[in-house]
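Input: a single structure, listed below in structure tokens.
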There are 4 protein chains.
Amino acid sequence: MKTIGIGLVGSGFMGRCHANAYSSVAGLFDVPLKPKLKMLAEANPELAKEAARSLQFERFTADWTELVNDPEVELVDITAPNHLHHPIALAAIAKGKPVYCEKPLACTLEEAKTMRDASESAGVATLVGYNYLQNPMIQTAREIVQSGEIGELFSFRGVHAEDFMADAQAPYTNRLDAEQGGGALYDIGSHIISLARFLVGPLSEVMGMQSTVIPERPEATNSKQMKTVKVDDQTHFLARFENGCSGTLEASWVAWGRKMHLAFELNGSKGSLVFNQERFNELRLYEANQSPGREGFKTLHSGPDHGTYSKFCPAPGHQLGFNELKIIEVTQILEALGGSGSSWPDFREACEIQKTLEAVRISAAESRWFSPDEMETT
Amino acid sequence: MKTIGIGLVGSGFMGRCHANAYSSVAGLFDVPLKPKLKMLAEANPELAKEAARSLQFERFTADWTELVNDPEVELVDITAPNHLHHPIALAAIAKGKPVYCEKPLACTLEEAKTMRDASESAGVATLVGYNYLQNPMIQTAREIVQSGEIGELFSFRGVHAEDFMADAQAPYTNRLDAEQGGGALYDIGSHIISLARFLVGPLSEVMGMQSTVIPERPEATNSKQMKTVKVDDQTHFLARFENGCSGTLEASWVAWGRKMHLAFELNGSKGSLVFNQERFNELRLYEANQSPGREGFKTLHSGPDHGTYSKFCPAPGHQLGFNELKIIEVTQILEALGGSGSSWPDFREACEIQKTLEAVRISAAESRWFSPDEMETT
Amino acid sequence: MKTIGIGLVGSGFMGRCHANAYSSVAGLFDVPLKPKLKMLAEANPELAKEAARSLQFERFTADWTELVNDPEVELVDITAPNHLHHPIALAAIAKGKPVYCEKPLACTLEEAKTMRDASESAGVATLVGYNYLQNPMIQTAREIVQSGEIGELFSFRGVHAEDFMADAQAPYTNRLDAEQGGGALYDIGSHIISLARFLVGPLSEVMGMQSTVIPERPEATNSKQMKTVKVDDQTHFLARFENGCSGTLEASWVAWGRKMHLAFELNGSKGSLVFNQERFNELRLYEANQSPGREGFKTLHSGPDHGTYSKFCPAPGHQLGFNELKIIEVTQILEALGGSGSSWPDFREACEIQKTLEAVRISAAESRWFSPDEMETT
Amino acid sequence: MKTIGIGLVGSGFMGRCHANAYSSVAGLFDVPLKPKLKMLAEANPELAKEAARSLQFERFTADWTELVNDPEVELVDITAPNHLHHPIALAAIAKGKPVYCEKPLACTLEEAKTMRDASESAGVATLVGYNYLQNPMIQTAREIVQSGEIGELFSFRGVHAEDFMADAQAPYTNRLDAEQGGGALYDIGSHIISLARFLVGPLSEVMGMQSTVIPERPEATNSKQMKTVKVDDQTHFLARFENGCSGTLEASWVAWGRKMHLAFELNGSKGSLVFNQERFNELRLYEANQSPGREGFKTLHSGPDHGTYSKFCPAPGHQLGFNELKIIEVTQILEALGGSGSSWPDFREACEIQKTLEAVRISAAESRWFSPDEMETT
């Protein structure tokens, strides 16, 4: 079996998650390439060594350029802090290597565009970690939309709400740095935008409203030194889609009780879909024209008839876990590189998401409707 | 026991509902006045006679002025078509009689203001039928908010979605007449605004977006003659509240599968509330600072500890029905007239709701943020 | 309109509920007879007077025999303590008067049989207050079963669980008197048996297990004097039905968190039904042979297509309340007496339920399968 | 890092699942031994070769004795058909090798006892694949029970319902062979018994009822040749537990709509727990003595505060999948063999489950209460 050498930058939550996906993927999917965990890069040698051991990489380095240049590294996987996405990706692309990068693609739209253009000029495959799109039930939702089962799309209501910053004592972190693409909109709102685009299509115009509800936070846990927060804790926005659908979207990391509430409702001329990532193995479907007295939303449970579920389990109702969405994601890049498919969402799509985020931010700042398309030429 | 003579204009869904509430209220509540069903007015004598019989009124008329002027009629109850609210209410107020009127208060804001001002000048009690506010679980939600149990309010997401116009073959009705205060925003969006104001407080600014997704409808059931629709099928808007909370609101009558989805989520600094009118005997509450590993939304079921529930049933979990919310509503005006309370929402509050609706409409038309307060002086 | 004079014995939870139903029924249903609240009987004159005033009866008495004999009382309605059902019903039947009696029909099966036989000999109409059967969604469930929509019945799991006795400090009441038909099985288990019979049919054999989990309780609230409990706090039993279906049933009043959990699941050869009285305006339906990948339980919300719902409201999703089930119940006896229908469940059906209860009790005591039919001849 | 050589017999659903768990476990947990996939045995050489390739084993064989005897195989993992569990396990134990075996332990209780006794005499570690017990939310449920959070246990209602045999055209398989431990009770009822024992404790007495609702099935898919079914499609039983708790349990593979409904409700003197494997990342908890008007079941979502969840993900609400329960299961045997823990459930526990199953079967056949303890000496 052909193999591909993996170089992973970063070993946090996402780094571990990617590493695990590489270990598992070949036992579940018939991928054309089997990943070999070649090299892990971390911020310093100690951390790199320990992470390489724990995640089962052959070698390690504290210098990501070494990783990018290593001849055995055939795929550069970036789970480093956001501000490093841009330099690492460009370096990898310059070496003609494909890149698999965590979201958000970059800290600024300018960087994101550069990365997109470089990858396309170089003709390297790319993949960005909007993993929720890989969920078989989301794939099913898309199939339902695209086949016309719920007809013409009327309204989309999308939310990504969590509560990890709801406590005013939750300390300042780099997620709060505007320079690093911080704030609830960029951090988690990007997920609901990726979902909106996946299901409904491009947003033609947005009108945003942002608020910082906890204006200052401790510099560190239990610190009495406070630091001013300059990013949004929550963003709400109106959206018009190119296909005529319209709706509201929302991102919040201060929504007490919501742990992973990436949720939507989509109404069309022939039915509706309702979904919530907190129960991501379920999808609720309402079909117009049911028999009188027997009308209702159906709750579909994930099973072998839904997307790639059958690769994990032959029986319905057993459920996939979050980490398994990452395994599906990894198949995207392996298939693209092995010639049996294309990887999605790629840098181009991630750049579109980022243009939308930026349009929301500007529309909120300027209190006017704004088109993501305007961001291309800005 | 003291009584009060009721004159009811209209005998449709709401008229029947009010009549039933009058029949039941004295057996359930210790009201200071017992309603006597004196006179019913309808569009023509035949209809009036039949409705009086069926709803058990003593007399009937096809002329609402006769009803307003009848000395035995001590409370004028208006469930007539929207365009009649204004003349009937003004006539009743001119006679110094209290008025109980279905929502919306009037077809235009101008009329609504006139009605409000007239009632206040005359010093008559008024009540408007935003019945969902009378739900013991909504009263409990308000109590939770006002006591500070969920802290400072951050975000409100409110929706009123139904599907009774989702079928493109659903014919044109007067709910679609712009002149009669038609459209999804006015017809049902008014409910979610009433709820937002009740729980969160006045909206200081709104930014709307309206769409007509079914541009023409049959003039009548099965008719091939089509009529152009000039009102919104769905309206989405952003809102800022006076107290700093912000959020999104939405009204749609084309949301397949939603039968009575008047729903909200409210996030505060110390917790969250989630509610859906389709399960209106339940309220979901999340309280910050639960024990680790034992954190979750609680589902409260209505019971004797919630508002006026105990008037209906001494045991929890038995549930109130929609018609019973109207019975609670009726107690408001009886208590106001009997001197043991005040009725709410009154014409002033209904006028505030209407100013908000109008602000949404204008903000959508002009693509700019708009304040309901501006509507007072317009 | 023809009227019928009502004599009501008892003014507790159920008495109030019946009185309210009489006041409301004629405004909602086209009943052949309009109830007139003639006389109320209570345990003493003060209580009787106050209840008559509050519930709007014309006259009152502290002697139920006076009520039974009163010529204006044409329907005897019994909501008195259980041990009085038998003598009052027999007295009414002896006067040739129809009887509407709360459940359970009697404290002993012997009494129940006597009441049944007397009513049938006298040819008087009877009705027993198993009100949950009157729910339009339960009527729909029955319609689904009887039309064969879910095919041949395989398994029924029924539960009636509440928590009003779960606190060990909840004091002793007459619900705990074995002599008065006390215990969880008789008190609430009778409801799940009535539902099982309504949906599935007669139980041919039962095998019970009873337990008293709180062996003694305070004689009264806050009393330190304890009294031994001789009845069951919970009963579980296996059942075989005449039609070949089998299942488990359960009654408990010590199930913390359950407020009105009268719930069932019914599996057949072509589908399944799931219901819970805590959301009694909903019914979950699974139909075999749905399209692959689109299979799921549907959640039906009550609406005008379900039974008598439309009498209360023309729009779906608005919901009926518990008290409204009693209004539907009252139509049963009014229609029977007015010649336009028959009342159900009558004394015969209530006696069958009681035979089943008794069979469960004996099977538990004797640790063997027992047939309700054996109870007829015992 | 120390390693352990794995020999896997079988490559079906469970075989794949185990193989995947071995590949993933060392990247997630700090296990004392890292699994090496040494040899795979299958029914014939072709199948064995292909499975070894796909599941990434070094070598393969069509003779399981070769695997058992191979010096590099240090742990024998049995996912072969049920009738092979006994001979393979005994052979492995005879070689002094630890055994990890899928459920059910054996086709007959006699075999199961032999396996248990042999393993204990030989002092080898054993583990049986009742994987649902490994769920962090079930571990949390057990912690809640054992800490006394819900007090003394009153009632347990357990169900394992699926619908994979609900279609009368579903063909005969070896799950229907009585000789191979077939039938719904043995096949899936064993799971709910394992859960009951884990949470509540040993069952002291059972009283069963079994039924075959589809008496004959096609010999194969689309075959017209029918074969008589001799095992149960559904089993219901009453249970008394040693600690005084009582309840009902049920197994069905003909429950339309239920995909993985391994569900329970447990009521205690201070609270209740409700769980359903179809949403296995949730646990519902009701605690007695909540504030009036704020009482309700809480829905806990799995997160880092629950058992081993944090090994998979640092953030709550992301969810584990079914296959990940197998990874947790594998840590049990690795830790036992590495000296840092003990594996559970072992052969002794699996034998107790089997005694309970057998007691249910006999009690149903003989229509009498039966104790699992009696099975030891039979």
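Residue numbering restarts at 1 for every chain of the structure tokens, chains are lettered A, B, ... in their displayed order, and ligands are numbered from 1 as they appear.
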Counting only C-alpha atoms, give me one row per residue of chain C with an atom at most 8 Å from an atom of chain D, showing the shortest contact pair and its distance in Å to one decimal, sorted by chain then residue number, as a tab-separated table.
residue	atom	partner	partner_atom	distance
C:Phe154	CA	D:Val213	CA	6.6
C:Ala166	CA	D:Ser269	CA	6.8
C:Asp167	CA	D:Ser269	CA	7.4
C:Ala168	CA	D:Ser269	CA	8.0
C:Met209	CA	D:Leu238	CA	7.6
C:Val213	CA	D:Phe154	CA	6.6
C:His236	CA	D:Gly247	CA	6.5
C:Phe237	CA	D:Leu238	CA	7.0
C:Leu238	CA	D:Phe237	CA	7.0
C:Gly247	CA	D:His236	CA	6.5
C:Thr248	CA	D:His236	CA	6.8
C:Val254	CA	D:Asn267	CA	7.8
C:Ala255	CA	D:Asn267	CA	5.5
C:Trp256	CA	D:Gly271	CA	5.4
C:Gly257	CA	D:Tyr286	CA	5.7
C:Asn267	CA	D:Ala255	CA	5.5
C:Gly268	CA	D:Trp256	CA	7.4
C:Ser269	CA	D:Ala166	CA	6.8
C:Lys270	CA	D:Trp256	CA	7.4
C:Gly271	CA	D:Trp256	CA	5.4
C:Ser272	CA	D:Trp256	CA	5.7
C:Tyr286	CA	D:Gly257	CA	5.7
C:Glu287	CA	D:Trp256	CA	7.6
C:Ala288	CA	D:Trp256	CA	6.7
C:Glu295	CA	D:Gly257	CA	7.9
C:Gly296	CA	D:Gly257	CA	6.4
C:Phe297	CA	D:Gly257	CA	6.4
C:Ser367	CA	D:Arg368	CA	7.4
C:Arg368	CA	D:Arg368	CA	6.8
C:Trp369	CA	D:Ser367	CA	7.5
Got a sec to tell me which of segment 34-183 of chain A DSSP assigns to strand (DSSP E), as a ChimeraX atom specification?
/A:34-41,59-61,75-78,99-101,126-128,153-161
Segment 130-145 of chain C environment, 8 Å, only C-alpha atoms, sequence neighbours closer than 4 positions dropped, as a list in words:
Glu102, Lys103, Glu149, Ile150, Gly151, His191, Ser194, Leu195, Phe198, Leu199, Val200, Leu273, Phe280, Asn281, Glu282, Leu283, Ser302, His306, Gly307, Thr308, Tyr309, Leu325, Lys326, Ile328, Glu329 and Pro345 of chain C
Once you have the residues from the selection above, write them out as an mmCIF file, in the first residue's frame, restricted to N, CA and C atoms.
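The resulting file, selection.cif, is reproduced below:
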data_model
loop_
_atom_site.group_PDB
_atom_site.id
_atom_site.type_symbol
_atom_site.label_atom_id
_atom_site.label_comp_id
_atom_site.auth_asym_id
_atom_site.auth_seq_id
_atom_site.Cartn_x
_atom_site.Cartn_y
_atom_site.Cartn_z
ATOM 1 N N GLU C 102 -66.420 9.355 39.294
ATOM 2 C CA GLU C 102 -64.963 9.377 39.170
ATOM 3 C C GLU C 102 -64.385 7.976 39.358
ATOM 4 N N LYS C 103 -63.182 7.788 38.874
ATOM 5 C CA LYS C 103 -62.495 6.523 39.046
ATOM 6 C C LYS C 103 -61.793 6.539 40.402
ATOM 7 N N GLU C 149 -52.864 0.532 10.847
ATOM 8 C CA GLU C 149 -51.697 1.289 10.374
ATOM 9 C C GLU C 149 -50.381 0.779 10.955
ATOM 10 N N ILE C 150 -50.411 0.286 12.180
ATOM 11 C CA ILE C 150 -49.162 -0.273 12.722
ATOM 12 C C ILE C 150 -49.222 -1.805 12.786
ATOM 13 N N GLY C 151 -50.210 -2.364 12.132
ATOM 14 C CA GLY C 151 -50.257 -3.819 11.972
ATOM 15 C C GLY C 151 -50.674 -4.576 13.223
ATOM 16 N N HIS C 191 -55.206 3.930 35.585
ATOM 17 C CA HIS C 191 -55.157 4.726 34.342
ATOM 18 C C HIS C 191 -54.403 4.003 33.233
ATOM 19 N N SER C 194 -56.492 1.274 31.938
ATOM 20 C CA SER C 194 -57.585 1.753 31.067
ATOM 21 C C SER C 194 -57.043 2.059 29.678
ATOM 22 N N LEU C 195 -55.851 2.599 29.628
ATOM 23 C CA LEU C 195 -55.228 2.941 28.350
ATOM 24 C C LEU C 195 -54.842 1.672 27.584
ATOM 25 N N PHE C 198 -57.883 0.220 26.143
ATOM 26 C CA PHE C 198 -58.424 1.075 25.080
ATOM 27 C C PHE C 198 -57.669 0.865 23.780
ATOM 28 N N LEU C 199 -56.357 0.738 23.887
ATOM 29 C CA LEU C 199 -55.528 0.654 22.686
ATOM 30 C C LEU C 199 -55.304 -0.773 22.223
ATOM 31 N N VAL C 200 -55.050 -1.660 23.161
ATOM 32 C CA VAL C 200 -54.633 -3.020 22.801
ATOM 33 C C VAL C 200 -55.782 -4.010 22.939
ATOM 34 N N LEU C 273 -45.937 3.270 18.186
ATOM 35 C CA LEU C 273 -46.469 4.501 18.762
ATOM 36 C C LEU C 273 -45.815 4.749 20.113
ATOM 37 N N PHE C 280 -49.012 15.688 26.327
ATOM 38 C CA PHE C 280 -50.149 14.910 25.808
ATOM 39 C C PHE C 280 -50.740 15.456 24.519
ATOM 40 N N ASN C 281 -50.224 16.574 24.049
ATOM 41 C CA ASN C 281 -50.641 17.063 22.734
ATOM 42 C C ASN C 281 -49.742 16.540 21.624
ATOM 43 N N GLU C 282 -48.903 15.592 21.959
ATOM 44 C CA GLU C 282 -48.013 15.008 20.970
ATOM 45 C C GLU C 282 -48.188 13.492 20.939
ATOM 46 N N LEU C 283 -47.897 12.936 19.782
ATOM 47 C CA LEU C 283 -47.906 11.484 19.630
ATOM 48 C C LEU C 283 -46.782 11.166 18.673
ATOM 49 N N SER C 302 -50.959 17.906 18.149
ATOM 50 C CA SER C 302 -52.416 17.875 18.057
ATOM 51 C C SER C 302 -52.932 19.044 17.226
ATOM 52 N N HIS C 306 -57.294 15.870 14.505
ATOM 53 C CA HIS C 306 -57.273 14.844 15.559
ATOM 54 C C HIS C 306 -58.522 14.954 16.428
ATOM 55 N N GLY C 307 -59.389 13.967 16.324
ATOM 56 C CA GLY C 307 -60.557 13.861 17.194
ATOM 57 C C GLY C 307 -61.302 15.173 17.369
ATOM 58 N N THR C 308 -61.609 15.503 18.600
ATOM 59 C CA THR C 308 -62.442 16.675 18.893
ATOM 60 C C THR C 308 -61.636 17.953 19.095
ATOM 61 N N TYR C 309 -60.361 17.907 18.788
ATOM 62 C CA TYR C 309 -59.516 19.106 18.952
ATOM 63 C C TYR C 309 -60.154 20.339 18.329
ATOM 64 N N LEU C 325 -59.840 17.906 28.757
ATOM 65 C CA LEU C 325 -60.159 16.478 28.580
ATOM 66 C C LEU C 325 -61.451 16.145 29.322
ATOM 67 N N LYS C 326 -61.664 16.823 30.445
ATOM 68 C CA LYS C 326 -62.903 16.608 31.220
ATOM 69 C C LYS C 326 -64.112 17.156 30.471
ATOM 70 N N ILE C 328 -64.412 17.157 27.224
ATOM 71 C CA ILE C 328 -64.718 16.114 26.230
ATOM 72 C C ILE C 328 -65.435 14.953 26.906
ATOM 73 N N GLU C 329 -64.964 14.610 28.096
ATOM 74 C CA GLU C 329 -65.582 13.501 28.830
ATOM 75 C C GLU C 329 -67.066 13.775 29.069
ATOM 76 N N PRO C 345 -65.767 5.458 28.948
ATOM 77 C CA PRO C 345 -65.999 4.122 29.516
ATOM 78 C C PRO C 345 -67.141 4.119 30.531
#
task = List every residue of segment 127-316 of chain C that DSSP, applied to the backbone of this structure, assigns to alpha helix (DSSP H), and report them as a PyMOL selection string.
result = chain C and resi 136-146+184+190-199+309-312
Can you write out the residues you just picked, keeping N, CA, C and O atoms, as a CSV table (one decimal), in the first residue's frame?
chain,number,residue,atom,x,y,z
C,136,PRO,N,-57.7,13.8,22.3
C,136,PRO,CA,-57.7,13.5,20.9
C,136,PRO,C,-56.5,12.8,20.4
C,136,PRO,O,-56.6,12.0,19.4
C,137,MET,N,-55.3,12.9,21.0
C,137,MET,CA,-54.2,12.2,20.5
C,137,MET,C,-54.3,10.7,20.9
C,137,MET,O,-53.7,9.8,20.2
C,138,ILE,N,-54.9,10.4,22.0
C,138,ILE,CA,-55.2,9.0,22.3
C,138,ILE,C,-56.2,8.4,21.4
C,138,ILE,O,-56.2,7.3,21.0
C,139,GLN,N,-57.2,9.2,21.1
C,139,GLN,CA,-58.2,8.8,20.1
C,139,GLN,C,-57.6,8.5,18.8
C,139,GLN,O,-57.9,7.5,18.1
C,140,THR,N,-56.6,9.3,18.5
C,140,THR,CA,-55.8,9.1,17.2
C,140,THR,C,-55.0,7.9,17.3
C,140,THR,O,-54.9,7.1,16.3
C,141,ALA,N,-54.4,7.6,18.4
C,141,ALA,CA,-53.6,6.4,18.6
C,141,ALA,C,-54.5,5.2,18.4
C,141,ALA,O,-54.1,4.2,17.7
C,142,ARG,N,-55.7,5.3,19.0
C,142,ARG,CA,-56.6,4.1,18.8
C,142,ARG,C,-57.0,3.9,17.4
C,142,ARG,O,-57.1,2.8,16.9
C,143,GLU,N,-57.3,5.0,16.7
C,143,GLU,CA,-57.6,5.0,15.3
C,143,GLU,C,-56.5,4.4,14.5
C,143,GLU,O,-56.7,3.6,13.6
C,144,ILE,N,-55.3,4.7,14.8
C,144,ILE,CA,-54.1,4.2,14.1
C,144,ILE,C,-54.0,2.7,14.3
C,144,ILE,O,-53.8,1.9,13.4
C,145,VAL,N,-54.3,2.2,15.6
C,145,VAL,CA,-54.2,0.8,15.9
C,145,VAL,C,-55.4,0.1,15.2
C,145,VAL,O,-55.1,-0.9,14.5
C,146,GLN,N,-56.6,0.6,15.3
C,146,GLN,CA,-57.7,-0.1,14.8
C,146,GLN,C,-57.8,-0.1,13.2
C,146,GLN,O,-58.3,-1.1,12.7
C,184,ALA,N,-50.7,2.6,45.0
C,184,ALA,CA,-50.3,3.1,43.6
C,184,ALA,C,-51.0,2.4,42.5
C,184,ALA,O,-51.5,3.0,41.5
C,190,SER,N,-54.6,2.2,37.6
C,190,SER,CA,-55.9,2.0,36.9
C,190,SER,C,-55.9,2.8,35.6
C,190,SER,O,-56.5,2.4,34.6
C,191,HIS,N,-55.2,3.9,35.6
C,191,HIS,CA,-55.2,4.7,34.3
C,191,HIS,C,-54.4,4.0,33.2
C,191,HIS,O,-54.8,4.0,32.1
C,192,ILE,N,-53.3,3.4,33.6
C,192,ILE,CA,-52.5,2.8,32.5
C,192,ILE,C,-53.2,1.5,32.0
C,192,ILE,O,-53.1,1.1,30.9
C,193,ILE,N,-53.9,0.9,33.0
C,193,ILE,CA,-54.7,-0.3,32.5
C,193,ILE,C,-55.9,0.2,31.6
C,193,ILE,O,-56.1,-0.5,30.6
C,194,SER,N,-56.5,1.3,31.9
C,194,SER,CA,-57.6,1.8,31.1
C,194,SER,C,-57.0,2.1,29.7
C,194,SER,O,-57.7,1.8,28.7
C,195,LEU,N,-55.9,2.6,29.6
C,195,LEU,CA,-55.2,2.9,28.4
C,195,LEU,C,-54.8,1.7,27.6
C,195,LEU,O,-55.0,1.6,26.4
C,196,ALA,N,-54.3,0.7,28.3
C,196,ALA,CA,-53.9,-0.6,27.7
C,196,ALA,C,-55.1,-1.2,27.0
C,196,ALA,O,-55.1,-1.7,25.9
C,197,ARG,N,-56.2,-1.3,27.8
C,197,ARG,CA,-57.4,-1.9,27.2
C,197,ARG,C,-58.0,-1.1,26.1
C,197,ARG,O,-58.5,-1.7,25.1
C,198,PHE,N,-57.9,0.2,26.1
C,198,PHE,CA,-58.4,1.1,25.1
C,198,PHE,C,-57.7,0.9,23.8
C,198,PHE,O,-58.3,0.8,22.7
C,199,LEU,N,-56.4,0.7,23.9
C,199,LEU,CA,-55.5,0.7,22.7
C,199,LEU,C,-55.3,-0.8,22.2
C,199,LEU,O,-55.3,-1.1,21.0
C,309,TYR,N,-60.4,17.9,18.8
C,309,TYR,CA,-59.5,19.1,19.0
C,309,TYR,C,-60.2,20.3,18.3
C,309,TYR,O,-60.1,21.4,18.9
C,310,SER,N,-60.7,20.1,17.1
C,310,SER,CA,-61.3,21.3,16.4
C,310,SER,C,-62.4,22.0,17.1
C,310,SER,O,-62.7,23.2,16.8
C,311,LYS,N,-63.0,21.4,18.1
C,311,LYS,CA,-64.0,22.0,18.9
C,311,LYS,C,-63.4,23.1,19.7
C,311,LYS,O,-64.1,24.1,20.2
C,312,PHE,N,-62.2,23.0,20.0
C,312,PHE,CA,-61.5,23.9,20.9
C,312,PHE,C,-60.8,25.0,20.2
C,312,PHE,O,-60.6,26.1,20.7
re atom CA of Glu74 of chain B and atom CA of Gly5 of chain B: distance 4.9 Å
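Picture a line from atom CA of Ala161 of chain C to atom CA of Gln277 of chain D; it runs 21.8 Å.
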Please report as a tab-separated table every residue of segment 124-226 of chain D lying within 9 Å of segment 332-336 of chain D, along with the nearest atom pair and their distance in Å (one decimal), using only C-alpha atoms.
residue	atom	partner	partner_atom	distance
D:Ala125	CA	D:Ala336	CA	6.9
D:Thr126	CA	D:Ile333	CA	7.2
D:Leu127	CA	D:Ile333	CA	6.4
- Task: Would you list the contacts of segment 86-88 of chain A as a PyMOL selection string, taking every protein, DNA or RNA residue within 12 Å and counting only C-alpha atoms, but skipping same-chain residues closer than 3 positions in sequence?
- Result: chain A and resi 7-10+41+63-69+76-83+91-95+97-116+118-119+180+347
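In this structure, atom CA of Ala365 of chain A sits 18.1 Å away from atom CA of Ser371 of chain B.
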**Item:** Neighbour list for Tyr172 of chain B as number ranges by chain, cut-off 12 Å, only C-alpha atoms, skip fewer than 5 positions in-chain
**Value:** B: 164-165, 167, 177-178, 182-183, 214-231
